[in-house]
$ cat protein_27.cif   # mmCIF, C-alpha atoms
data_model
loop_
_atom_site.group_PDB
_atom_site.id
_atom_site.type_symbol
_atom_site.label_atom_id
_atom_site.label_comp_id
_atom_site.auth_asym_id
_atom_site.auth_seq_id
_atom_site.Cartn_x
_atom_site.Cartn_y
_atom_site.Cartn_z
ATOM 1 C CA MET L 1 22.654 -5.298 15.034
ATOM 2 C CA LEU L 2 19.095 -4.658 13.837
ATOM 3 C CA LEU L 3 19.578 -7.081 10.942
ATOM 4 C CA GLU L 4 18.510 -10.221 12.800
ATOM 5 C CA PRO L 5 15.181 -8.861 14.176
ATOM 6 C CA ALA L 6 14.477 -7.213 10.808
ATOM 7 C CA LEU L 7 14.878 -10.553 9.022
ATOM 8 C CA VAL L 8 12.623 -12.283 11.573
ATOM 9 C CA ILE L 9 9.880 -9.654 11.216
ATOM 10 C CA SER L 10 10.235 -9.654 7.451
ATOM 11 C CA ALA L 11 9.895 -13.448 7.287
ATOM 12 C CA VAL L 12 6.767 -13.354 9.465
ATOM 13 C CA LEU L 13 5.200 -10.563 7.399
ATOM 14 C CA PHE L 14 5.926 -12.371 4.134
ATOM 15 C CA THR L 15 4.413 -15.565 5.528
ATOM 16 C CA LEU L 16 1.318 -13.656 6.651
ATOM 17 C CA GLY L 17 0.982 -12.302 3.123
ATOM 18 C CA VAL L 18 1.300 -15.775 1.589
ATOM 19 C CA ALA L 19 -1.194 -17.186 4.110
ATOM 20 C CA GLY L 20 -3.630 -14.406 3.226
ATOM 21 C CA VAL L 21 -3.348 -15.134 -0.497
ATOM 22 C CA LEU L 22 -3.865 -18.858 0.148
ATOM 23 C CA LEU L 23 -6.723 -18.546 2.622
ATOM 24 C CA ARG L 24 -8.889 -15.647 1.442
ATOM 25 C CA ARG L 25 -11.307 -15.514 -1.472
ATOM 26 C CA ASN L 26 -11.952 -11.779 -1.691
ATOM 27 C CA ALA L 27 -9.912 -10.503 -4.641
ATOM 28 C CA ILE L 28 -9.246 -7.108 -3.051
ATOM 29 C CA VAL L 29 -8.028 -8.645 0.222
ATOM 30 C CA ILE L 30 -5.749 -10.978 -1.762
ATOM 31 C CA PHE L 31 -4.391 -7.901 -3.492
ATOM 32 C CA MET L 32 -3.659 -6.289 -0.144
ATOM 33 C CA CYS L 33 -1.846 -9.447 0.941
ATOM 34 C CA VAL L 34 0.386 -9.129 -2.125
ATOM 35 C CA GLU L 35 1.198 -5.589 -0.981
ATOM 36 C CA LEU L 36 2.049 -7.041 2.438
ATOM 37 C CA MET L 37 4.515 -9.437 0.799
ATOM 38 C CA LEU L 38 6.117 -6.613 -1.194
ATOM 39 C CA ASN L 39 6.545 -4.657 2.030
ATOM 40 C CA ALA L 40 8.156 -7.619 3.776
ATOM 41 C CA VAL L 41 10.696 -7.793 0.954
ATOM 42 C CA ASN L 42 11.261 -4.028 1.210
ATOM 43 C CA LEU L 43 12.081 -4.444 4.897
ATOM 44 C CA THR L 44 14.726 -7.036 4.019
ATOM 45 C CA PHE L 45 16.190 -4.706 1.397
ATOM 46 C CA VAL L 46 16.413 -1.790 3.831
ATOM 47 C CA ALA L 47 17.848 -3.933 6.629
ATOM 48 C CA LEU L 48 20.547 -5.352 4.361
ATOM 49 C CA ALA L 49 21.224 -1.917 2.848
ATOM 50 C CA GLN L 50 22.498 -0.859 6.258
ATOM 51 C CA ARG L 51 25.322 -3.345 5.935
ATOM 52 C CA LEU L 52 25.757 -3.855 2.176
ATOM 53 C CA GLY L 53 25.340 -0.333 0.759
ATOM 54 C CA VAL L 54 22.495 1.946 -0.332
ATOM 55 C CA GLY L 55 21.773 -0.092 -3.466
ATOM 56 C CA GLY L 56 19.131 -1.845 -1.388
ATOM 57 C CA GLN L 57 17.323 1.411 -0.727
ATOM 58 C CA VAL L 58 17.366 2.241 -4.441
ATOM 59 C CA PHE L 59 15.718 -1.128 -5.066
ATOM 60 C CA VAL L 60 13.012 -0.328 -2.521
ATOM 61 C CA PHE L 61 12.286 2.759 -4.619
ATOM 62 C CA PHE L 62 11.805 0.574 -7.710
ATOM 63 C CA VAL L 63 9.670 -1.921 -5.802
ATOM 64 C CA MET L 64 7.399 0.928 -4.700
ATOM 65 C CA ALA L 65 7.035 2.179 -8.272
ATOM 66 C CA VAL L 66 6.174 -1.317 -9.511
ATOM 67 C CA ALA L 67 3.729 -1.769 -6.609
ATOM 68 C CA ALA L 68 1.980 1.471 -7.521
ATOM 69 C CA ALA L 69 1.674 0.402 -11.165
ATOM 70 C CA GLU L 70 0.484 -3.053 -10.130
ATOM 71 C CA ALA L 71 -2.146 -1.615 -7.767
ATOM 72 C CA ALA L 72 -3.513 0.715 -10.448
ATOM 73 C CA VAL L 73 -3.797 -1.984 -13.130
ATOM 74 C CA GLY L 74 -4.957 -4.707 -10.747
ATOM 75 C CA LEU L 75 -7.716 -2.623 -9.222
ATOM 76 C CA ALA L 76 -8.841 -1.599 -12.713
ATOM 77 C CA ILE L 77 -9.077 -5.311 -13.602
ATOM 78 C CA ILE L 78 -11.081 -5.977 -10.427
ATOM 79 C CA LEU L 79 -13.428 -3.123 -11.362
ATOM 80 C CA ALA L 80 -13.884 -4.544 -14.861
ATOM 81 C CA VAL L 81 -14.538 -8.054 -13.514
ATOM 82 C CA TYR L 82 -16.999 -6.715 -10.937
ATOM 83 C CA ARG L 83 -18.934 -5.037 -13.715
ATOM 84 C CA HIS L 84 -19.395 -8.411 -15.453
ATOM 85 C CA LYS L 85 -19.883 -10.694 -12.447
ATOM 86 C CA GLN L 86 -21.232 -8.374 -9.714
ATOM 87 C CA THR L 87 -18.817 -10.033 -7.259
ATOM 88 C CA VAL L 88 -15.152 -9.993 -6.253
ATOM 89 C CA ASN L 89 -15.257 -13.463 -4.696
ATOM 90 C CA LEU L 90 -12.712 -15.578 -6.561
ATOM 91 C CA GLN L 91 -14.921 -18.667 -6.243
ATOM 92 C CA ASN L 92 -17.377 -17.117 -8.680
ATOM 93 C CA ILE L 93 -14.735 -15.749 -11.042
ATOM 94 C CA ASN L 94 -13.788 -18.757 -13.155
ATOM 95 C CA ILE L 95 -14.140 -17.478 -16.717
ATOM 96 C CA LEU L 96 -10.587 -18.650 -17.509
ATOM 97 C CA LYS L 97 -11.595 -22.228 -16.671
ATOM 98 C CA GLY L 98 -12.335 -24.049 -19.937
ATOM 99 C CA MET G 1 17.001 1.358 23.254
ATOM 100 C CA THR G 2 16.871 1.286 19.446
ATOM 101 C CA LEU G 3 16.448 -2.465 19.555
ATOM 102 C CA THR G 4 13.513 -2.170 21.987
ATOM 103 C CA PHE G 5 11.754 0.366 19.778
ATOM 104 C CA PHE G 6 12.482 -1.762 16.716
ATOM 105 C CA TRP G 7 10.842 -4.776 18.334
ATOM 106 C CA ILE G 8 7.854 -2.712 19.487
ATOM 107 C CA PHE G 9 7.214 -1.514 15.927
ATOM 108 C CA GLY G 10 7.931 -4.989 14.616
ATOM 109 C CA VAL G 11 5.337 -6.574 16.912
ATOM 110 C CA VAL G 12 2.836 -3.856 15.924
ATOM 111 C CA ALA G 13 3.529 -4.605 12.245
ATOM 112 C CA MET G 14 3.132 -8.361 12.686
ATOM 113 C CA ALA G 15 -0.038 -8.069 14.800
ATOM 114 C CA ALA G 16 -1.605 -5.627 12.344
ATOM 115 C CA GLY G 17 -0.607 -7.927 9.468
ATOM 116 C CA LEU G 18 -2.318 -10.848 11.184
ATOM 117 C CA LEU G 19 -5.460 -8.786 11.767
ATOM 118 C CA CYS G 20 -5.301 -7.621 8.131
ATOM 119 C CA ILE G 21 -5.563 -11.172 6.791
ATOM 120 C CA THR G 22 -8.220 -12.282 9.284
ATOM 121 C CA ARG G 23 -10.751 -9.396 9.326
ATOM 122 C CA ARG G 24 -13.905 -10.103 7.366
ATOM 123 C CA SER G 25 -14.603 -6.539 6.217
ATOM 124 C CA PRO G 26 -12.240 -5.373 3.433
ATOM 125 C CA VAL G 27 -12.227 -1.861 4.919
ATOM 126 C CA ALA G 28 -10.981 -3.179 8.268
ATOM 127 C CA SER G 29 -8.350 -5.214 6.415
ATOM 128 C CA ALA G 30 -7.196 -2.128 4.525
ATOM 129 C CA LEU G 31 -6.963 -0.030 7.697
ATOM 130 C CA TRP G 32 -4.927 -2.725 9.496
ATOM 131 C CA LEU G 33 -2.653 -2.853 6.450
ATOM 132 C CA VAL G 34 -2.163 0.918 6.792
ATOM 133 C CA THR G 35 -1.131 0.324 10.425
ATOM 134 C CA THR G 36 1.428 -2.231 9.226
ATOM 135 C CA LEU G 37 2.754 0.216 6.648
ATOM 136 C CA PHE G 38 3.174 2.965 9.255
ATOM 137 C CA ALA G 39 4.986 0.585 11.626
ATOM 138 C CA LEU G 40 7.258 -0.393 8.736
ATOM 139 C CA ALA G 41 7.973 3.284 8.039
ATOM 140 C CA ALA G 42 9.036 3.708 11.672
ATOM 141 C CA MET G 43 11.305 0.677 11.318
ATOM 142 C CA TYR G 44 12.874 2.184 8.188
ATOM 143 C CA VAL G 45 13.755 5.283 10.222
ATOM 144 C CA LEU G 46 15.438 3.090 12.830
ATOM 145 C CA LEU G 47 17.340 1.366 9.992
ATOM 146 C CA ASP G 48 18.807 4.717 8.781
ATOM 147 C CA ALA G 49 16.520 4.893 5.726
ATOM 148 C CA GLN G 50 14.666 8.136 6.440
ATOM 149 C CA PHE G 51 14.020 8.920 2.782
ATOM 150 C CA ILE G 52 12.476 5.493 2.193
ATOM 151 C CA ALA G 53 10.374 5.949 5.346
ATOM 152 C CA VAL G 54 8.921 9.204 3.990
ATOM 153 C CA LEU G 55 8.272 7.549 0.626
ATOM 154 C CA GLN G 56 6.568 4.666 2.425
ATOM 155 C CA VAL G 57 4.128 7.010 4.162
ATOM 156 C CA LEU G 58 3.518 9.143 1.060
ATOM 157 C CA VAL G 59 3.283 6.481 -1.625
ATOM 158 C CA TYR G 60 2.124 3.356 0.217
ATOM 159 C CA ALA G 61 0.071 4.546 3.171
ATOM 160 C CA GLY G 62 -1.031 7.611 1.229
ATOM 161 C CA ALA G 63 -1.561 6.913 -2.453
ATOM 162 C CA ILE G 64 -1.819 3.139 -2.838
ATOM 163 C CA MET G 65 -4.035 2.506 0.177
ATOM 164 C CA VAL G 66 -6.343 5.386 -0.788
ATOM 165 C CA LEU G 67 -6.699 3.671 -4.162
ATOM 166 C CA PHE G 68 -7.643 0.417 -2.406
ATOM 167 C CA LEU G 69 -10.174 2.101 -0.098
ATOM 168 C CA PHE G 70 -11.561 4.011 -3.062
ATOM 169 C CA VAL G 71 -12.231 0.803 -4.995
ATOM 170 C CA ILE G 72 -13.687 -0.951 -1.918
ATOM 171 C CA MET G 73 -16.120 1.894 -1.395
ATOM 172 C CA LEU G 74 -16.849 2.269 -5.104
ATOM 173 C CA LEU G 75 -17.890 -1.396 -5.231
ATOM 174 C CA ASN G 76 -19.814 -0.955 -1.956
ATOM 175 C CA LEU G 77 -17.992 -3.813 -0.202
ATOM 176 C CA GLY G 78 -17.572 -1.939 3.073
ATOM 177 C CA ARG G 79 -19.957 -4.091 5.096
ATOM 178 C CA PRO G 80 -18.577 -7.416 6.334
ATOM 179 C CA GLY G 81 -20.268 -10.133 4.300
ATOM 180 C CA PRO G 82 -20.177 -13.876 4.935
ATOM 181 C CA SER G 83 -16.689 -15.155 5.705
ATOM 182 C CA ASP G 84 -14.579 -15.573 2.585
ATOM 183 C CA LEU G 85 -12.075 -17.894 4.263
ATOM 184 C CA LYS G 86 -11.543 -21.203 2.486
ATOM 185 C CA GLY G 87 -12.937 -24.468 3.888
ATOM 186 C CA PRO G 88 -11.118 -26.582 6.512
ATOM 187 C CA VAL G 89 -9.097 -28.515 3.884
ATOM 188 C CA GLY G 90 -7.948 -25.353 2.142
ATOM 189 C CA LEU G 91 -7.265 -23.754 5.533
ATOM 190 C CA GLY G 92 -5.098 -26.685 6.616
ATOM 191 C CA ILE G 93 -3.111 -26.853 3.378
ATOM 192 C CA GLY G 94 -2.639 -23.078 3.319
ATOM 193 C CA ALA G 95 -1.441 -22.957 6.931
ATOM 194 C CA LEU G 96 0.918 -25.884 6.290
ATOM 195 C CA LEU G 97 2.425 -24.234 3.193
ATOM 196 C CA ALA G 98 2.797 -20.905 5.002
ATOM 197 C CA GLY G 99 4.470 -22.614 7.981
ATOM 198 C CA THR G 100 6.923 -24.399 5.690
ATOM 199 C CA LEU G 101 7.738 -21.104 3.985
ATOM 200 C CA LEU G 102 8.362 -19.399 7.346
ATOM 201 C CA LEU G 103 10.716 -22.210 8.339
ATOM 202 C CA GLN G 104 12.638 -21.894 5.060
ATOM 203 C CA LEU G 105 12.881 -18.114 5.382
ATOM 204 C CA ARG G 106 14.231 -18.460 8.929
ATOM 205 C CA VAL G 107 16.894 -20.935 7.768
ATOM 206 C CA LEU G 108 17.840 -18.557 4.936
ATOM 207 C CA GLY G 109 18.050 -15.669 7.398
ATOM 208 C CA HIS G 110 20.973 -17.355 9.157
ATOM 209 C CA ALA G 111 23.087 -17.505 6.009
ATOM 210 C CA ALA G 112 25.924 -14.981 6.140
ATOM 211 C CA PRO G 113 26.301 -12.681 3.117
ATOM 212 C CA PRO G 114 29.483 -13.413 1.155
ATOM 213 C CA ALA G 115 32.522 -11.345 2.142
ATOM 214 C CA ALA G 116 32.917 -10.035 -1.419
ATOM 215 C CA ILE G 117 29.817 -7.818 -1.127
ATOM 216 C CA GLN G 118 30.517 -6.576 2.400
ATOM 217 C CA LEU G 119 31.138 -2.836 2.573
ATOM 218 C CA PRO G 120 34.459 -1.575 3.897
ATOM 219 C CA GLU G 121 34.298 -0.195 7.458
ATOM 220 C CA GLY G 122 33.049 3.380 7.755
ATOM 221 C CA THR G 123 31.220 3.552 4.406
ATOM 222 C CA MET G 124 27.786 3.948 5.976
ATOM 223 C CA ALA G 125 29.063 6.621 8.392
ATOM 224 C CA ALA G 126 30.417 8.570 5.423
ATOM 225 C CA LEU G 127 27.094 8.204 3.603
ATOM 226 C CA GLN G 128 25.206 9.474 6.639
ATOM 227 C CA GLN G 129 27.472 12.497 6.698
ATOM 228 C CA GLN G 130 26.375 13.104 3.116
ATOM 229 C CA GLY G 131 22.682 12.894 4.074
ATOM 230 C CA MET G 132 20.388 9.967 3.334
ATOM 231 C CA VAL G 133 18.478 11.650 0.465
ATOM 232 C CA ALA G 134 21.689 12.453 -1.367
ATOM 233 C CA SER G 135 23.107 8.982 -0.774
ATOM 234 C CA VAL G 136 19.977 7.377 -2.300
ATOM 235 C CA ALA G 137 19.618 9.906 -5.121
ATOM 236 C CA GLY G 138 23.294 9.563 -6.118
ATOM 237 C CA PRO G 139 23.170 5.944 -7.332
ATOM 238 C CA LEU G 140 19.568 6.403 -8.533
ATOM 239 C CA PHE G 141 20.586 8.973 -11.148
ATOM 240 C CA ASP G 142 23.971 7.443 -11.841
ATOM 241 C CA ALA G 143 24.315 3.664 -11.794
ATOM 242 C CA TYR G 144 20.544 3.034 -11.916
ATOM 243 C CA LEU G 145 19.632 5.727 -14.462
ATOM 244 C CA ILE G 146 18.325 3.309 -17.134
ATOM 245 C CA PRO G 147 16.116 1.351 -14.703
ATOM 246 C CA PHE G 148 14.841 4.692 -13.415
ATOM 247 C CA GLU G 149 13.800 5.774 -16.910
ATOM 248 C CA ILE G 150 12.212 2.369 -17.546
ATOM 249 C CA THR G 151 10.226 2.861 -14.328
ATOM 250 C CA SER G 152 8.722 6.031 -15.744
ATOM 251 C CA LEU G 153 7.718 4.106 -18.884
ATOM 252 C CA LEU G 154 6.172 1.414 -16.674
ATOM 253 C CA LEU G 155 4.134 3.995 -14.769
ATOM 254 C CA LEU G 156 2.932 5.553 -18.033
ATOM 255 C CA ALA G 157 1.878 2.117 -19.288
ATOM 256 C CA ALA G 158 0.090 1.489 -15.989
ATOM 257 C CA ILE G 159 -1.826 4.762 -16.215
ATOM 258 C CA VAL G 160 -2.948 4.064 -19.777
ATOM 259 C CA GLY G 161 -3.755 0.447 -18.911
ATOM 260 C CA ALA G 162 -5.808 1.396 -15.865
ATOM 261 C CA VAL G 163 -7.879 3.891 -17.877
ATOM 262 C CA VAL G 164 -8.443 1.404 -20.720
ATOM 263 C CA LEU G 165 -9.425 -1.407 -18.354
ATOM 264 C CA ALA G 166 -11.682 0.607 -16.075
ATOM 265 C CA LYS G 167 -13.482 2.580 -18.759
ATOM 266 C CA ARG G 168 -16.865 1.243 -19.802
ATOM 267 C CA ARG G 169 -16.505 2.173 -23.433
ATOM 268 C CA LEU G 170 -13.600 3.903 -25.124
#
$ encode --input "protein_27.cif" --output "C-alpha cells"
Amino acid sequence: MLLEPALVISAVLFTLGVAGVLLRRNAIVIFMCVELMLNAVNLTFVALAQRLGVGGQVFVFFVMAVAAAEAAVGLAIILAVYRHKQTVNLQNINILKG
Amino acid sequence: MTLTFFWIFGVVAMAAGLLCITRRSPVASALWLVTTLFALAAMYVLLDAQFIAVLQVLVYAGAIMVLFLFVIMLLNLGRPGPSDLKGPVGLGIGALLAGTLLLQLRVLGHAAPPAAIQLPEGTMAALQQQGMVASVAGPLFDAYLIPFEITSLLLLAAIVGAVVLAKRRL
C-alpha cells in the first residue's frame, strides 16, 4: 500500500535531480543532482522489492557501490579540472569544444 | 499510521531536494542533500528494507557526502558566489523538460507489473521471519555472486583511477 506514494515521491525526486542538472552550472552541484537521481531510482527499487521480491534490494546495493565509485572518480576529475582552470563553473570548462 | 509517516518523510525528502537544487552555496546544497538522504533512509525502514536503510546512512550520508563536502572545502567554494543558474531561456527549457519527464514518470507509475513476476502470497512474510539482512545477503552471495565480485573490481578501479586523476604528478 506504500507503493503508490513511493512512486510519486521517487518521480518528484528524479525530476528535481534532472532539473538541477539542466539548470545549474556548478559542476559539484550537478554531481550532487546526479546522486539525487540515483537515490530516486533506489527508492523505486526498494518500494517494488516489497511486492516483487528482495532482488530489488540487492540492486540497490549495487547502485550504491557504483555511486561510490562514480563519486570518487568524478570528484577527482573535478579536482584535476579545477587545477587547470581555477573554476568549477561549466560555462568556463569547454576544452572539449573544438 | 505508517502511511502518514511515509508521507511526512516523503515531503521532507522532496522539500530538501528542492532546496538542494536551488541554494547558491554548494555547502548548503550538500547539507540539504544529506537531509534528503536521511529522509530516504527513514522511508526504506518503513518499506521493510532496514539493511538498505543502514547502508544508506553509512555509505551515502556518511562516506559519499563527506567526500563531496571535502572537495567543496578543499577547493574553497564554501561561500555563495554569484548565482550559477542558467539564463531565462535555459531556465524555461529546463523546467519544461523536467515537467514533461515528471508527467511521463507519473503515467509509467500507473502501469501494473506483469503477473508473471508477482510473488506468491506470504513470501515477504517468510522473508521477514528470516530477518532482512539474511534475506538480502542470501541472493547477494548466491544468484548475484558474479555481479558482486565485479563490483569489487569496479571499486578497485575507482580507487586507482581517483588517485591517478587527483595526483599532481605520478
$ closest_residue --input "protein_27.cif" --among "L:Val63, L:Val81, L:Ala72, L:Gly56" --to "chain G" --atoms "only C-alpha atoms"
L:Ala72
$ resolve_selection --input "protein_27.cif" --expression "the PyMOL selection byres ((chain G) within 7 of (chain L))" --output "JSON, numbers by chain"
{"G": [3, 10, 14, 17, 18, 21, 26, 44, 47, 49, 52, 64, 84, 85, 86, 90, 91, 94, 95, 98, 101, 102, 105, 106, 109, 117, 118, 119, 136, 140, 151, 155, 158, 161, 162, 165, 166]}
$ atom_distance --input "protein_27.cif" --atom1 "atom CA of Val59 of chain G" --atom2 "atom CA of Phe38 of chain G"
11.4 Å
$ atom_distance --input "protein_27.cif" --atom1 "atom CA of Met43 of chain G" --atom2 "atom CA of Phe148 of chain G"
25.3 Å
$ atom_distance --input "protein_27.cif" --atom1 "atom CA of Leu153 of chain G" --atom2 "atom CA of Leu37 of chain G"
26.3 Å
$ resolve_selection --input "protein_27.cif" --expression "the PyMOL selection byres ((chain G and resi 76-82) around 6)" --output "ChimeraX atom specification"
/G:24-25,27,72-75,83
$ resolve_selection --input "protein_27.cif" --expression "the PyMOL selection byres ((chain G and resi 128) around 12)" --output "list in words"
Gln50, Gly53 and Val54 of chain L; Leu47, Asp48, Ala49, Gln50, Phe51, Gly122, Thr123, Met124, Ala125, Ala126, Leu127, Gln129, Gln130, Gly131, Met132, Val133, Ala134, Ser135 and Val136 of chain G
$ axis_aligned_box --input "protein_27.cif" --around "segment 79-87 of chain L" --padding-each-side "5 Å" --output "JSON"
{"center_x": -17.3, "center_y": -6.9, "center_z": -11.4, "size_x": 17.8, "size_y": 17.6, "size_z": 18.2}
$ residues_around --input "protein_27.cif" --residues "Thr36 of chain G" --least-positions-apart "3" --cutoff "10 Å" --atoms "all atoms listed in the file" --output "ChimeraX atom specification"
/L:13,36,39 /G:9-20,30-33,39-42,61
$ write_last_selection --input "protein_27.cif" --atoms "C-alpha atoms" --output "compact mmCIF listing (two decimals), keeping the file's coordinate frame"
# COMPACT_ATOMS: atom_id res chain seq x y z
CA LEU L 13 5.20 -10.56 7.40
CA LEU L 36 2.05 -7.04 2.44
CA ASN L 39 6.54 -4.66 2.03
CA PHE G 9 7.21 -1.51 15.93
CA GLY G 10 7.93 -4.99 14.62
CA VAL G 11 5.34 -6.57 16.91
CA VAL G 12 2.84 -3.86 15.92
CA ALA G 13 3.53 -4.61 12.24
CA MET G 14 3.13 -8.36 12.69
CA ALA G 15 -0.04 -8.07 14.80
CA ALA G 16 -1.60 -5.63 12.34
CA GLY G 17 -0.61 -7.93 9.47
CA LEU G 18 -2.32 -10.85 11.18
CA LEU G 19 -5.46 -8.79 11.77
CA CYS G 20 -5.30 -7.62 8.13
CA ALA G 30 -7.20 -2.13 4.53
CA LEU G 31 -6.96 -0.03 7.70
CA TRP G 32 -4.93 -2.72 9.50
CA LEU G 33 -2.65 -2.85 6.45
CA ALA G 39 4.99 0.58 11.63
CA LEU G 40 7.26 -0.39 8.74
CA ALA G 41 7.97 3.28 8.04
CA ALA G 42 9.04 3.71 11.67
CA ALA G 61 0.07 4.55 3.17
$ build_atoms --input "protein_27.cif" --residues "segment 77-89 of chain G" --atoms "N, CA and C atoms" --output "mmCIF file, keeping the file's coordinate frame"
data_model
loop_
_atom_site.group_PDB
_atom_site.id
_atom_site.type_symbol
_atom_site.label_atom_id
_atom_site.label_comp_id
_atom_site.auth_asym_id
_atom_site.auth_seq_id
_atom_site.Cartn_x
_atom_site.Cartn_y
_atom_site.Cartn_z
ATOM 1 N N LEU G 77 -18.307 -2.576 -0.912
ATOM 2 C CA LEU G 77 -17.992 -3.813 -0.202
ATOM 3 C C LEU G 77 -17.673 -3.542 1.260
ATOM 4 N N GLY G 78 -17.998 -2.330 1.735
ATOM 5 C CA GLY G 78 -17.572 -1.939 3.073
ATOM 6 C C GLY G 78 -18.139 -2.805 4.177
ATOM 7 N N ARG G 79 -19.360 -3.282 4.020
ATOM 8 C CA ARG G 79 -19.957 -4.091 5.096
ATOM 9 C C ARG G 79 -19.363 -5.484 5.108
ATOM 10 N N PRO G 80 -19.107 -6.046 6.298
ATOM 11 C CA PRO G 80 -18.577 -7.416 6.334
ATOM 12 C C PRO G 80 -19.634 -8.400 5.869
ATOM 13 N N GLY G 81 -19.329 -9.145 4.816
ATOM 14 C CA GLY G 81 -20.268 -10.133 4.300
ATOM 15 C C GLY G 81 -20.039 -11.471 4.987
ATOM 16 N N PRO G 82 -20.519 -12.556 4.408
ATOM 17 C CA PRO G 82 -20.177 -13.876 4.935
ATOM 18 C C PRO G 82 -18.679 -14.113 4.811
ATOM 19 N N SER G 83 -18.141 -14.938 5.689
ATOM 20 C CA SER G 83 -16.689 -15.155 5.705
ATOM 21 C C SER G 83 -16.220 -15.670 4.352
ATOM 22 N N ASP G 84 -15.108 -15.122 3.869
ATOM 23 C CA ASP G 84 -14.579 -15.573 2.585
ATOM 24 C C ASP G 84 -13.355 -16.458 2.793
ATOM 25 N N LEU G 85 -13.170 -16.951 4.028
ATOM 26 C CA LEU G 85 -12.075 -17.894 4.263
ATOM 27 C C LEU G 85 -12.382 -19.215 3.573
ATOM 28 N N LYS G 86 -11.330 -19.920 3.151
ATOM 29 C CA LYS G 86 -11.543 -21.203 2.486
ATOM 30 C C LYS G 86 -11.990 -22.246 3.505
ATOM 31 N N GLY G 87 -12.463 -23.394 3.016
ATOM 32 C CA GLY G 87 -12.937 -24.468 3.888
ATOM 33 C C GLY G 87 -11.817 -25.073 4.707
ATOM 34 N N PRO G 88 -12.135 -26.018 5.610
ATOM 35 C CA PRO G 88 -11.118 -26.582 6.512
ATOM 36 C C PRO G 88 -9.948 -27.208 5.765
ATOM 37 N N VAL G 89 -10.202 -27.884 4.625
ATOM 38 C CA VAL G 89 -9.097 -28.515 3.884
ATOM 39 C C VAL G 89 -8.160 -27.444 3.344
#
